[in-house]
$ cat entry_24.txt   # compact mmCIF, C-alpha atoms and all ligand atoms
# COMPACT_ATOMS: atom_id res chain seq x y z
CA MET A 1 -10.29 4.99 -9.41
CA LEU A 2 -7.97 5.15 -6.45
CA ARG A 3 -7.31 1.85 -4.72
CA LEU A 4 -5.98 2.26 -1.23
CA GLY A 5 -5.09 -0.23 1.45
CA LEU A 6 -6.31 0.47 4.98
CA THR A 7 -4.78 -1.35 7.90
CA GLY A 8 -3.89 -1.08 11.56
CA GLY A 9 -3.30 -3.27 14.58
CA ILE A 10 -6.28 -4.77 16.34
CA GLY A 11 -8.16 -2.16 18.38
CA ALA A 12 -6.37 0.77 16.71
CA GLY A 13 -9.51 2.05 14.99
CA LYS A 14 -9.38 0.58 11.48
CA SER A 15 -13.08 -0.30 11.40
CA THR A 16 -13.94 3.17 12.68
CA VAL A 17 -11.95 4.75 9.83
CA ALA A 18 -13.56 2.40 7.30
CA GLU A 19 -17.01 3.48 8.52
CA THR A 20 -16.13 7.16 8.21
CA LEU A 21 -14.75 6.62 4.69
CA THR A 22 -17.94 4.79 3.72
CA GLU A 23 -20.01 7.74 4.93
CA LEU A 24 -17.83 10.10 2.91
CA GLY A 25 -18.48 8.06 -0.23
CA ALA A 26 -15.70 5.46 -0.46
CA VAL A 27 -16.35 1.91 -1.67
CA VAL A 28 -15.01 -0.25 1.16
CA ILE A 29 -14.00 -3.84 0.42
CA ASP A 30 -13.56 -5.91 3.55
CA ALA A 31 -10.93 -8.64 2.99
CA ASP A 32 -11.98 -10.66 6.05
CA ARG A 33 -15.61 -10.65 4.98
CA ILE A 34 -14.74 -11.86 1.48
CA ALA A 35 -12.57 -14.60 2.99
CA ARG A 36 -15.65 -15.80 4.91
CA GLU A 37 -18.04 -15.41 1.96
CA VAL A 38 -16.06 -17.64 -0.40
CA VAL A 39 -16.53 -20.63 1.95
CA GLU A 40 -20.13 -20.05 2.97
CA PRO A 41 -22.45 -23.08 2.76
CA GLY A 42 -23.39 -23.78 -0.85
CA THR A 43 -20.24 -22.25 -2.35
CA ASP A 44 -17.84 -24.18 -4.56
CA GLY A 45 -15.13 -22.86 -2.24
CA LEU A 46 -16.54 -24.84 0.67
CA ALA A 47 -16.98 -27.90 -1.56
CA ALA A 48 -13.29 -27.68 -2.52
CA VAL A 49 -12.23 -27.38 1.12
CA VAL A 50 -14.28 -30.46 2.05
CA ALA A 51 -12.89 -32.39 -0.94
CA ALA A 52 -9.36 -31.55 0.23
CA PHE A 53 -9.67 -31.93 4.00
CA GLY A 54 -12.71 -34.17 4.59
CA GLU A 55 -16.16 -33.84 6.13
CA ASP A 56 -14.64 -33.23 9.56
CA VAL A 57 -14.16 -29.55 8.71
CA LEU A 58 -17.96 -29.09 8.71
CA ASP A 59 -20.05 -28.36 11.78
CA GLU A 60 -23.50 -29.82 12.45
CA ASP A 61 -25.17 -27.23 10.24
CA GLY A 62 -22.90 -27.97 7.28
CA ALA A 63 -20.99 -24.71 7.72
CA LEU A 64 -17.21 -24.48 7.88
CA ASP A 65 -15.89 -25.37 11.34
CA ARG A 66 -12.97 -22.93 11.43
CA PRO A 67 -11.30 -24.26 14.58
CA ALA A 68 -11.39 -27.79 13.12
CA LEU A 69 -9.84 -26.60 9.86
CA GLY A 70 -7.34 -24.55 11.83
CA ARG A 71 -6.19 -27.66 13.72
CA ILE A 72 -5.60 -29.50 10.44
CA VAL A 73 -3.50 -26.79 8.78
CA PHE A 74 -1.78 -25.41 11.87
CA GLY A 75 1.95 -26.11 11.69
CA ASP A 76 1.60 -28.00 8.39
CA ASP A 77 2.96 -25.85 5.56
CA ALA A 78 1.89 -28.17 2.76
CA LYS A 79 -1.69 -28.26 4.01
CA ARG A 80 -1.77 -24.53 4.56
CA GLN A 81 -0.55 -23.96 1.03
CA GLN A 82 -3.19 -26.33 -0.25
CA LEU A 83 -5.84 -24.33 1.64
CA ASN A 84 -4.47 -21.04 0.33
CA GLY A 85 -4.54 -22.51 -3.16
CA ILE A 86 -8.29 -22.93 -2.72
CA LEU A 87 -9.00 -19.63 -0.98
CA HIS A 88 -6.73 -17.07 -2.62
CA PRO A 89 -7.94 -17.38 -6.23
CA ARG A 90 -11.55 -17.17 -5.04
CA ILE A 91 -10.86 -14.19 -2.79
CA GLY A 92 -8.98 -12.53 -5.65
CA ALA A 93 -11.80 -13.12 -8.13
CA ARG A 94 -14.48 -11.79 -5.78
CA THR A 95 -12.33 -8.74 -4.96
CA ALA A 96 -11.75 -8.04 -8.66
CA GLU A 97 -15.50 -8.30 -9.27
CA MET A 98 -16.23 -5.73 -6.56
CA VAL A 99 -13.53 -3.38 -7.86
CA ALA A 100 -14.93 -3.68 -11.40
CA GLU A 101 -18.37 -2.67 -10.13
CA ALA A 102 -17.07 0.57 -8.58
CA PRO A 103 -17.37 3.79 -10.62
CA ASP A 104 -14.33 5.21 -12.44
CA ASP A 105 -13.89 8.10 -10.03
CA ALA A 106 -14.32 5.94 -6.90
CA VAL A 107 -12.03 5.79 -3.91
CA VAL A 108 -11.89 2.04 -3.30
CA VAL A 109 -10.71 1.18 0.20
CA HIS A 110 -9.35 -2.31 0.78
CA ASP A 111 -9.73 -3.05 4.47
CA VAL A 112 -6.89 -5.54 5.03
CA PRO A 113 -6.02 -6.39 8.65
CA LEU A 114 -2.75 -8.18 7.79
CA LEU A 115 -1.57 -5.84 5.00
CA VAL A 116 1.79 -5.14 6.65
CA GLU A 117 2.32 -8.71 7.90
CA ASN A 118 1.74 -10.06 4.37
CA GLY A 119 3.80 -7.38 2.61
CA MET A 120 0.88 -6.25 0.44
CA GLY A 121 1.47 -2.48 0.50
CA ALA A 122 2.84 -2.26 -3.04
CA ALA A 123 -0.44 -3.62 -4.41
CA PHE A 124 -2.18 -0.33 -3.53
CA ALA A 125 -1.68 3.23 -4.73
CA LEU A 126 -1.74 4.42 -1.13
CA VAL A 127 -1.46 2.75 2.27
CA VAL A 128 -3.27 4.25 5.25
CA VAL A 129 -2.34 2.98 8.70
CA VAL A 130 -4.40 3.67 11.82
CA ASP A 131 -2.53 3.47 15.08
CA ALA A 132 -2.96 4.05 18.80
CA PRO A 133 -0.74 3.30 21.80
CA VAL A 134 -0.91 -0.33 22.96
CA ASP A 135 -2.42 0.55 26.36
CA VAL A 136 -5.20 2.52 24.71
CA ARG A 137 -5.93 -0.34 22.33
CA VAL A 138 -6.02 -2.88 25.14
CA ALA A 139 -8.42 -0.69 27.12
CA ARG A 140 -10.73 -0.24 24.10
CA LEU A 141 -10.74 -3.95 23.31
CA GLN A 142 -11.55 -4.74 26.93
CA GLU A 143 -14.32 -2.20 27.07
CA THR A 144 -16.00 -2.72 23.71
CA ARG A 145 -15.28 -6.35 22.84
CA GLY A 146 -15.07 -7.79 26.32
CA MET A 147 -11.56 -9.13 25.70
CA SER A 148 -9.30 -9.93 28.64
CA VAL A 149 -6.13 -7.86 29.04
CA GLU A 150 -4.00 -10.97 28.42
CA ASP A 151 -5.89 -11.93 25.27
CA ALA A 152 -5.72 -8.38 23.89
CA ARG A 153 -1.99 -8.11 24.59
CA ALA A 154 -1.25 -11.52 23.06
CA ARG A 155 -3.10 -10.61 19.86
CA ILE A 156 -1.30 -7.29 19.61
CA ALA A 157 2.09 -8.96 20.15
CA ALA A 158 1.40 -11.44 17.34
CA GLN A 159 0.95 -8.64 14.79
CA ALA A 160 3.42 -6.37 12.96
CA ASP A 161 5.30 -3.91 15.14
CA ASP A 162 5.20 -0.14 14.86
CA ASP A 163 8.38 0.16 12.78
CA ALA A 164 7.08 -2.21 10.13
CA ARG A 165 3.78 -0.31 9.98
CA ARG A 166 5.51 3.06 9.76
CA ALA A 167 7.65 1.88 6.86
CA ALA A 168 4.54 0.71 4.99
CA ALA A 169 2.42 3.81 5.69
CA ASP A 170 1.91 6.64 3.23
CA VAL A 171 -0.62 8.10 5.66
CA TRP A 172 -0.43 7.66 9.41
CA LEU A 173 -3.63 8.29 11.39
CA GLU A 174 -3.00 8.66 15.09
CA ASN A 175 -6.01 7.53 17.12
CA ALA A 176 -4.79 8.10 20.65
CA GLY A 177 -7.37 10.79 21.39
CA ALA A 178 -11.09 11.30 21.05
CA ALA A 179 -13.11 9.66 18.28
CA GLY A 180 -13.94 13.12 16.96
CA ALA A 181 -10.27 13.89 16.38
CA LEU A 182 -9.88 10.76 14.27
CA ARG A 183 -12.93 11.67 12.25
CA GLU A 184 -11.51 15.10 11.58
CA GLN A 185 -8.24 13.62 10.29
CA VAL A 186 -10.14 11.26 8.00
CA GLU A 187 -12.35 14.04 6.64
CA ARG A 188 -9.34 16.21 5.89
CA LEU A 189 -7.55 13.29 4.23
CA TRP A 190 -10.61 12.59 2.12
CA HIS A 191 -11.12 16.13 0.82
CA GLU A 192 -7.51 17.23 0.50
CA ARG A 193 -5.87 14.07 -0.78
CA LEU A 194 -8.08 11.09 -1.66
CA VAL A 195 -10.70 12.81 -3.80
CA PRO A 196 -8.19 14.80 -5.89
CA PHE A 197 -5.94 11.71 -6.10
CA ALA A 198 -8.79 9.60 -7.51
CA ARG A 199 -9.76 12.37 -9.94
CA ASN A 200 -6.17 12.72 -11.14
CA ILE A 201 -5.94 8.99 -11.80
CA GLU A 202 -9.23 9.03 -13.69
CA HIS A 203 -8.19 11.96 -15.90
CA GLY A 204 -4.55 10.91 -16.20
CA GLU A 205 -3.30 14.12 -14.61
CA ALA A 206 -0.14 14.45 -12.54
CA ALA A 207 0.29 16.58 -9.43
CA PRO A 208 2.50 19.64 -9.97
CA VAL A 209 6.18 19.19 -9.17
CA PRO A 210 7.71 21.72 -6.73
CA THR A 211 10.95 23.51 -7.59
CA ASP A 212 11.86 25.02 -4.19
CA VAL A 213 14.98 23.49 -2.70
CA VAL A 214 14.31 22.22 0.84
CA ALA A 215 16.28 20.44 3.56
CA PRO A 216 16.30 16.65 3.07
CA ALA A 217 13.58 14.80 5.00
CA ASP A 218 14.71 11.74 6.98
CA ASP A 219 12.34 9.39 5.19
CA ARG A 220 13.09 10.42 1.60
CA ASP A 221 14.50 7.06 0.61
CA VAL A 222 11.81 5.06 2.45
CA VAL A 223 9.13 7.00 0.58
CA ALA A 224 10.91 6.48 -2.74
CA GLN A 225 11.23 2.73 -2.12
CA ARG A 226 7.50 2.51 -1.47
CA LEU A 227 6.73 4.17 -4.79
CA ALA A 228 9.38 2.07 -6.57
CA ALA A 229 7.81 -1.13 -5.21
CA ARG A 230 4.43 -0.10 -6.64
CA LEU A 231 5.86 0.48 -10.10
CA ALA A 232 7.67 -2.87 -9.93
CA VAL A 233 4.51 -4.72 -8.87
CA VAL A 234 2.18 -3.23 -11.49
CA GLY A 235 4.84 -3.45 -14.18
CA GLY A 236 5.27 -7.17 -13.60
CA GLU A 237 7.81 -9.08 -15.63
CA ARG A 238 8.41 -6.25 -18.07
CA VAL A 239 10.09 -4.15 -15.38
CA ARG A 240 13.75 -5.08 -14.86
CA ARG A 241 14.45 -2.59 -12.13
CA VAL A 242 13.30 0.62 -10.51
CA GLU A 243 15.91 2.98 -9.07
CA HIS A 244 15.55 5.98 -6.78
CA VAL A 245 17.58 8.63 -8.62
CA GLY A 246 17.87 12.42 -8.89
CA PRO A 247 18.83 14.96 -6.20
CA GLY A 248 16.40 13.44 -3.68
CA ALA A 249 18.36 10.17 -3.78
CA ILE A 250 21.54 11.76 -2.44
CA PRO A 251 21.74 11.66 1.37
CA GLY A 252 22.11 15.11 2.89
CA LEU A 253 21.52 17.00 -0.37
CA PRO A 254 18.91 19.76 -0.13
CA ALA A 255 16.55 19.31 -3.08
CA PRO A 256 13.00 19.95 -4.26
CA ASP A 257 10.55 17.63 -2.50
CA VAL A 258 9.90 15.30 -5.42
CA VAL A 259 10.68 11.60 -5.86
CA ASP A 260 12.61 10.82 -9.04
CA LEU A 261 12.44 7.24 -10.22
CA LEU A 262 14.06 5.47 -13.11
CA VAL A 263 12.29 2.43 -14.54
CA VAL A 264 14.20 0.12 -16.84
CA ALA A 265 11.70 -2.07 -18.68
CA ASP A 266 11.71 -4.44 -21.64
CA ARG A 267 9.98 -2.78 -24.58
CA PRO A 268 7.73 -0.51 -22.49
CA GLY A 269 4.62 0.56 -24.35
CA ASP A 270 1.04 1.73 -23.95
CA GLU A 271 0.09 -1.23 -21.82
CA LEU A 272 2.75 -0.46 -19.22
CA ALA A 273 1.90 3.26 -19.35
CA GLU A 274 -1.76 2.43 -18.66
CA ALA A 275 -0.85 0.11 -15.77
CA PHE A 276 1.26 2.89 -14.24
CA ARG A 277 -1.61 5.36 -14.59
CA ALA A 278 -4.07 3.04 -12.85
CA ALA A 279 -1.56 2.62 -10.01
CA GLY A 280 -1.30 6.39 -9.53
CA PHE A 281 1.42 7.37 -12.02
CA PRO A 282 -0.19 9.06 -15.04
CA ARG A 283 1.76 9.62 -18.23
CA THR A 284 3.11 13.15 -18.70
CA GLY A 285 5.03 12.62 -21.95
CA PRO A 286 6.87 9.95 -23.94
CA GLY A 287 8.49 7.65 -21.38
CA ARG A 288 7.54 10.06 -18.59
CA HIS A 289 5.10 9.70 -15.73
CA GLY A 290 4.18 11.81 -12.73
CA SER A 291 2.30 11.16 -9.50
CA ALA A 292 -1.47 11.54 -9.19
CA ASP A 293 -1.10 11.94 -5.43
CA PRO A 294 -1.36 15.67 -4.67
CA ALA A 295 0.65 15.16 -1.48
CA ARG A 296 3.47 13.15 -3.07
CA PRO A 297 4.88 14.57 -6.31
CA ALA A 298 7.08 12.29 -8.37
CA ARG A 299 8.75 12.03 -11.74
CA VAL A 300 9.24 8.70 -13.42
CA LEU A 301 11.49 8.16 -16.43
CA VAL A 302 10.93 4.89 -18.28
CA LEU A 303 13.78 3.59 -20.42
CA ASP A 304 13.88 0.52 -22.63
CA GLY A 305 16.42 -1.98 -21.35
CA LYS A 306 16.41 -3.71 -24.73
CA SER A 307 17.55 -0.59 -26.54
CA ARG A 308 21.32 -0.24 -26.30
CA ARG A 309 21.13 3.55 -26.35
CA GLU A 310 18.49 3.76 -23.59
CA ALA A 311 20.21 1.15 -21.45
CA LYS A 312 23.35 3.29 -21.63
CA ARG A 313 21.37 6.35 -20.55
CA ALA A 314 20.00 4.41 -17.59
CA THR A 315 23.48 3.35 -16.57
CA ALA A 316 24.75 6.94 -16.77
CA ILE A 317 21.91 8.17 -14.50
CA VAL A 318 22.57 5.49 -11.89
CA GLU A 319 26.33 6.04 -12.02
CA ALA A 320 25.96 9.80 -11.51
CA ARG A 321 23.84 9.04 -8.44
CA ASP A 322 26.35 6.55 -7.06
CA ARG A 323 29.27 8.97 -7.58
CA ALA A 324 27.45 11.65 -5.61
CA ARG A 325 26.53 9.18 -2.87
CA ARG A 326 30.19 8.25 -2.46
CA ASP A 327 31.26 11.87 -2.05
CA PRO A 328 29.45 13.51 0.90
CA ASP A 329 32.13 16.22 1.16
CA ARG A 330 31.36 17.43 -2.31
CA VAL A 331 27.60 17.26 -1.59
CA ALA A 332 28.20 19.58 1.38
CA ALA A 333 30.64 21.88 -0.47
CA ASP A 334 28.80 22.37 -3.75
CA PRO A 335 25.18 21.20 -3.50
CA ALA A 336 24.02 23.13 -6.58
CA ALA A 337 26.61 21.43 -8.81
CA VAL A 338 25.72 17.98 -7.46
CA ARG A 339 22.01 18.65 -8.01
CA ALA A 340 22.74 19.51 -11.63
CA GLU A 341 24.89 16.41 -12.15
CA VAL A 342 22.34 13.94 -10.83
CA ALA A 343 19.21 15.64 -12.21
CA LEU A 344 17.05 13.50 -14.50
CA PRO A 345 17.62 14.43 -18.14
P1 LIG B 1 -10.00 -2.13 14.75
O1 LIG B 1 -10.95 -2.25 13.61
O2 LIG B 1 -8.73 -1.44 14.37
O3 LIG B 1 -9.76 -3.38 15.51
P2 LIG B 1 -12.10 -0.48 15.92
O4 LIG B 1 -12.28 0.62 14.94
O5 LIG B 1 -13.13 -1.56 15.92
O6 LIG B 1 -10.64 -1.11 15.82
O7 LIG B 1 -11.96 0.17 17.36
C1 LIG B 1 -11.90 -0.65 18.51
C2 LIG B 1 -12.95 -0.15 19.51
O8 LIG B 1 -12.55 1.12 20.02
C3 LIG B 1 -14.30 0.07 18.86
O9 LIG B 1 -15.29 -0.34 19.74
C4 LIG B 1 -14.37 1.56 18.62
O10 LIG B 1 -15.68 2.05 18.69
C5 LIG B 1 -13.53 2.10 19.75
N1 LIG B 1 -12.80 3.33 19.36
C6 LIG B 1 -12.13 3.55 18.21
N2 LIG B 1 -11.54 4.77 18.21
C7 LIG B 1 -11.86 5.34 19.41
C8 LIG B 1 -11.54 6.60 20.02
N3 LIG B 1 -10.77 7.52 19.43
N4 LIG B 1 -12.02 6.81 21.27
C9 LIG B 1 -12.76 5.88 21.89
N5 LIG B 1 -13.10 4.69 21.37
C10 LIG B 1 -12.66 4.39 20.14

$ encode --input "entry_24.txt" --output "C-alpha cells"
Amino acid sequence: MLRLGLTGGIGAGKSTVAETLTELGAVVIDADRIAREVVEPGTDGLAAVVAAFGEDVLDEDGALDRPALGRIVFGDDAKRQQLNGILHPRIGARTAEMVAEAPDDAVVVHDVPLLVENGMGAAFALVVVVDAPVDVRVARLQETRGMSVEDARARIAAQADDDARRAAADVWLENAGAAGALREQVERLWHERLVPFARNIEHGEAAPVPTDVVAPADDRDVVAQRLAARLAVVGGERVRRVEHVGPGAIPGLPAPDVVDLLVVADRPGDELAEAFRAAGFPRTGPGRHGSADPARPARVLVLDGKSRREAKRATAIVEARDRARRDPDRVAADPAAVRAEVALP
C-alpha cells in the first residue's frame, strides 16, 4: 500500500485531482469529511464536544453549530487544544480504520487541505501538490463557487505560500491550463509512478539505483531532507538521527542521482525494517534499505547507535561528508576522489 498526501491551495484543483485518482482506482480519504463525520449528531465525538463547551454549540436541530464553536475557541489556545484533544484521536482512529480496509496493493490518497500548513508531509510516502497561479484560482472560485474576489484572495493569503508548498512537494502538478492537461499529468503519474511504487512497497522491492554521474540538481538536499524526515517519523523514538550523506550530499559534486541516507537507531531490528518498508523504504540487505519510488532512488544504511563499533562507523561517514563540504576547491579539482571518500561503505 502506498499512502500519499494530496494538497494544494484553495481553488488550485485538489478536488479535481482526487476525483481523477478515484476513477483510476485510488482509495481517497477526505480529511475534511472525516473531521465532519466524527461530530455528526449521535456520535460520541459530538457528545464530548457538548460536555466540554456546553449546549450552546448545538443548533436547533441538535447538530454542531460550527460558527458558535469557532467563536468559543477562536483566540483561546487552551480551548482549542481541548477541542483538538477531542477531535484528533477520533479523526485518527477513523482514518486508520479506512486505511486498514484498503487492499494491500492500494494507492491510498489522503486529501489534506492543510498538509503544508500543519507540517504533515513526513507522515506520507509521497506528497503531491496541485497548484495554479493566484489569478486563475480566484477566477475559478468566483465562477464555480460564487465567491467574491476579496473573499477568494483573503482565503488564499491565509494559506501556505508557494515556497512552503514547493519544499513539501515530491510531485508538483501545474494546473494553470485546461482541465484535460491536468488529467493527462495525473494519468501519467498514476501509471508511471504511483502504481509501481505501491507494488514495490507491497513486494518489498527497491527501485534500481543509477550509476551514471550527473550534474548536481539544485534541490538535492531539499529532496534528501524530505526523505530523512519520513524515516525519522516512522522510526519514532528508536531513531536518533538521519543524515544526508554520500556524494549527493556534497554541494557542487557531480554524482549519481541517488539519495544516500544514514540512520542511527537504538537497536534497530525487524520492527523498524518493516516500518521503513511500509513508508516506502524496503529492505535490501542487513541494515540496508532502498526506495520503492521508481522516480526517486535512495540507499539507506541503518547503524546501531548502541553498538560502539557501529556508532564509530556512523561518525566516520558523517565526518568524511563534513570534510568534503568544507573543501569546495578539492571537490572541483578532484571530484572522483571526493566521491570515493564520501561513498557509503
Ligand atoms: P480545490 O479542491 O483545490 O479547491 P477544485 O478542484 O475544486 O479546487 O477546483 C476549483 C474549481 O475550478 C472547480 O470548480 C473545478 O471544476 C475548476 N477547475 C479545476 N481545474 C480546472 C481547469 N484546469 N480548468 C478549468 N476549471 C478548473

$ atom_distance --input "entry_24.txt" --atom1 "atom CA of A:Gly146" --atom2 "atom CA of A:Val134"
16.4 Å

$ residues_around --input "entry_24.txt" --residues "stretch 264-280 of chain A" --least-positions-apart "2" --cutoff "7 Å" --atoms "only C-alpha atoms" --output "PyMOL selection string"
chain A and resi 125+201+204+231+234-235+238-242+262+282-283+291-293+302-306

$ write_last_selection --input "entry_24.txt" --atoms "C-alpha atoms" --output "PDB file, in the coordinates of the input"
ATOM      1  CA  ALA A 125      -1.680   3.230  -4.730  1.00  0.00           C
ATOM      2  CA  ILE A 201      -5.940   8.990 -11.800  1.00  0.00           C
ATOM      3  CA  GLY A 204      -4.550  10.910 -16.200  1.00  0.00           C
ATOM      4  CA  LEU A 231       5.860   0.480 -10.100  1.00  0.00           C
ATOM      5  CA  VAL A 234       2.180  -3.230 -11.490  1.00  0.00           C
ATOM      6  CA  GLY A 235       4.840  -3.450 -14.180  1.00  0.00           C
ATOM      7  CA  ARG A 238       8.410  -6.250 -18.070  1.00  0.00           C
ATOM      8  CA  VAL A 239      10.090  -4.150 -15.380  1.00  0.00           C
ATOM      9  CA  ARG A 240      13.750  -5.080 -14.860  1.00  0.00           C
ATOM     10  CA  ARG A 241      14.450  -2.590 -12.130  1.00  0.00           C
ATOM     11  CA  VAL A 242      13.300   0.620 -10.510  1.00  0.00           C
ATOM     12  CA  LEU A 262      14.060   5.470 -13.110  1.00  0.00           C
ATOM     13  CA  PRO A 282      -0.190   9.060 -15.040  1.00  0.00           C
ATOM     14  CA  ARG A 283       1.760   9.620 -18.230  1.00  0.00           C
ATOM     15  CA  SER A 291       2.300  11.160  -9.500  1.00  0.00           C
ATOM     16  CA  ALA A 292      -1.470  11.540  -9.190  1.00  0.00           C
ATOM     17  CA  ASP A 293      -1.100  11.940  -5.430  1.00  0.00           C
ATOM     18  CA  VAL A 302      10.930   4.890 -18.280  1.00  0.00           C
ATOM     19  CA  LEU A 303      13.780   3.590 -20.420  1.00  0.00           C
ATOM     20  CA  ASP A 304      13.880   0.520 -22.630  1.00  0.00           C
ATOM     21  CA  GLY A 305      16.420  -1.980 -21.350  1.00  0.00           C
ATOM     22  CA  LYS A 306      16.410  -3.710 -24.730  1.00  0.00           C
TER      23      LYS A 306
END

$ residues_near_point --input "entry_24.txt" --point "(-11.2, -27.1, 11.6)" --cutoff "12 Å" --atoms "all atoms listed in the file" --output "list in words"
Val49, Val50, Phe53, Gly54, Glu55, Asp56, Val57, Leu58, Asp59, Ala63, Leu64, Asp65, Arg66, Pro67, Ala68, Leu69, Gly70, Arg71, Ile72, Val73, Phe74 and Leu83 of chain A

$ residues_near_ligand --input "entry_24.txt" --ligand "ligand LIG 1 (chain B)" --cutoff "10 Å" --atoms "all atoms listed in the file" --output "PyMOL selection string"
chain A and resi 6-19+111+113+129-132+136-146+174-183

$ atom_distance --input "entry_24.txt" --atom1 "atom CA of A:Leu126" --atom2 "atom CA of A:Asp212"
24.9 Å

$ residues_around --input "entry_24.txt" --residues "stretch 27-29 of chain A" --least-positions-apart "3" --cutoff "9 Å" --atoms "only C-alpha atoms" --output "PyMOL selection string"
chain A and resi 18-19+21-22+33-34+95+98-99+102+106-112

$ closest_residue --input "entry_24.txt" --among "A:Arg220, A:Arg230, A:His244, A:Arg94" --to "A:Ala314" --atoms "only C-alpha atoms"
A:His244

$ closest_residue --input "entry_24.txt" --among "A:Gly236, A:Pro294, A:Pro41, A:Pro216" --to "A:Asp257" --atoms "only C-alpha atoms"
A:Pro216

$ atom_distance --input "entry_24.txt" --atom1 "atom CA of A:Ala164" --atom2 "atom CA of A:Ala249"
21.8 Å

$ closest_atom_pairs --input "entry_24.txt" --of "stretch 217-250 of chain A" --to "stretch 323-333 of chain A" --cutoff "12 Å" --atoms "only C-alpha atoms" --output "JSON lines"
{"residue": "A:Val245", "atom": "CA", "partner": "A:Arg325", "partner_atom": "CA", "distance": 10.7}
{"residue": "A:Gly246", "atom": "CA", "partner": "A:Ala324", "partner_atom": "CA", "distance": 10.2}
{"residue": "A:Pro247", "atom": "CA", "partner": "A:Ala324", "partner_atom": "CA", "distance": 9.3}
{"residue": "A:Gly248", "atom": "CA", "partner": "A:Arg325", "partner_atom": "CA", "distance": 11.0}
{"residue": "A:Ala249", "atom": "CA", "partner": "A:Arg325", "partner_atom": "CA", "distance": 8.3}
{"residue": "A:Ile250", "atom": "CA", "partner": "A:Arg325", "partner_atom": "CA", "distance": 5.6}

$ write_last_selection --input "entry_24.txt" --atoms "C-alpha atoms" --output "PDB file, keeping the file's coordinate frame"
ATOM      1  CA  VAL A 245      17.580   8.630  -8.620  1.00  0.00           C
ATOM      2  CA  GLY A 246      17.870  12.420  -8.890  1.00  0.00           C
ATOM      3  CA  PRO A 247      18.830  14.960  -6.200  1.00  0.00           C
ATOM      4  CA  GLY A 248      16.400  13.440  -3.680  1.00  0.00           C
ATOM      5  CA  ALA A 249      18.360  10.170  -3.780  1.00  0.00           C
ATOM      6  CA  ILE A 250      21.540  11.760  -2.440  1.00  0.00           C
TER       7      ILE A 250
END

$ axis_aligned_box --input "entry_24.txt" --around "stretch 247-251 of chain A" --padding-each-side "5 Å" --output "lines of an AutoDock Vina configuration file"
center_x = 19.1
center_y = 12.6
center_z = -2.4
size_x = 15.3
size_y = 14.8
size_z = 17.6

$ closest_residue --input "entry_24.txt" --among "A:Ala228, A:Val128, A:Val39, A:Met1" --to "A:His88" --atoms "only C-alpha atoms"
A:Val39

$ closest_residue --input "entry_24.txt" --among "A:Ala31, A:Ile86, A:Ala158, A:Ala232" --to "A:Thr43" --atoms "all atoms listed in the file"
A:Ile86

$ closest_residue --input "entry_24.txt" --among "A:Glu237, A:Pro210, A:Glu319, A:Ala337" --to "A:Leu253" --atoms "all atoms listed in the file"
A:Ala337

$ residues_near_point --input "entry_24.txt" --point "(8.7, 14.6, -15.8)" --cutoff "12 Å" --atoms "all atoms listed in the file" --output "ChimeraX atom specification"
/A:206-210,246,258-262,281-291,297-302,343-345

$ build_atoms --input "entry_24.txt" --residues "stretch 227-240 of chain A" --atoms "N, CA and C atoms" --output "compact mmCIF listing (two decimals), in the frame of the given file"
# COMPACT_ATOMS: atom_id res chain seq x y z
N LEU A 227 7.24 3.89 -3.44
CA LEU A 227 6.73 4.17 -4.79
C LEU A 227 7.37 3.21 -5.80
N ALA A 228 8.67 2.97 -5.64
CA ALA A 228 9.38 2.07 -6.57
C ALA A 228 8.76 0.67 -6.54
N ALA A 229 8.40 0.21 -5.35
CA ALA A 229 7.81 -1.13 -5.21
C ALA A 229 6.48 -1.21 -5.95
N ARG A 230 5.71 -0.10 -5.92
CA ARG A 230 4.43 -0.10 -6.64
C ARG A 230 4.64 -0.23 -8.13
N LEU A 231 5.60 0.54 -8.66
CA LEU A 231 5.86 0.48 -10.10
C LEU A 231 6.33 -0.92 -10.49
N ALA A 232 7.16 -1.52 -9.64
CA ALA A 232 7.67 -2.87 -9.93
C ALA A 232 6.52 -3.88 -9.94
N VAL A 233 5.61 -3.76 -8.97
CA VAL A 233 4.51 -4.72 -8.87
C VAL A 233 3.55 -4.58 -10.06
N VAL A 234 3.13 -3.36 -10.38
CA VAL A 234 2.18 -3.23 -11.49
C VAL A 234 2.85 -3.50 -12.84
N GLY A 235 4.14 -3.23 -12.92
CA GLY A 235 4.84 -3.45 -14.18
C GLY A 235 5.06 -4.92 -14.48
N GLY A 236 5.10 -5.73 -13.43
CA GLY A 236 5.27 -7.17 -13.60
C GLY A 236 6.60 -7.53 -14.25
N GLU A 237 6.57 -8.53 -15.09
CA GLU A 237 7.81 -9.08 -15.63
C GLU A 237 8.54 -8.13 -16.57
N ARG A 238 7.80 -7.20 -17.15
CA ARG A 238 8.41 -6.25 -18.07
C ARG A 238 9.46 -5.37 -17.38
N VAL A 239 9.21 -5.08 -16.09
CA VAL A 239 10.09 -4.15 -15.38
C VAL A 239 11.32 -4.89 -14.86
N ARG A 240 12.51 -4.46 -15.34
CA ARG A 240 13.75 -5.08 -14.86
C ARG A 240 14.17 -4.51 -13.53
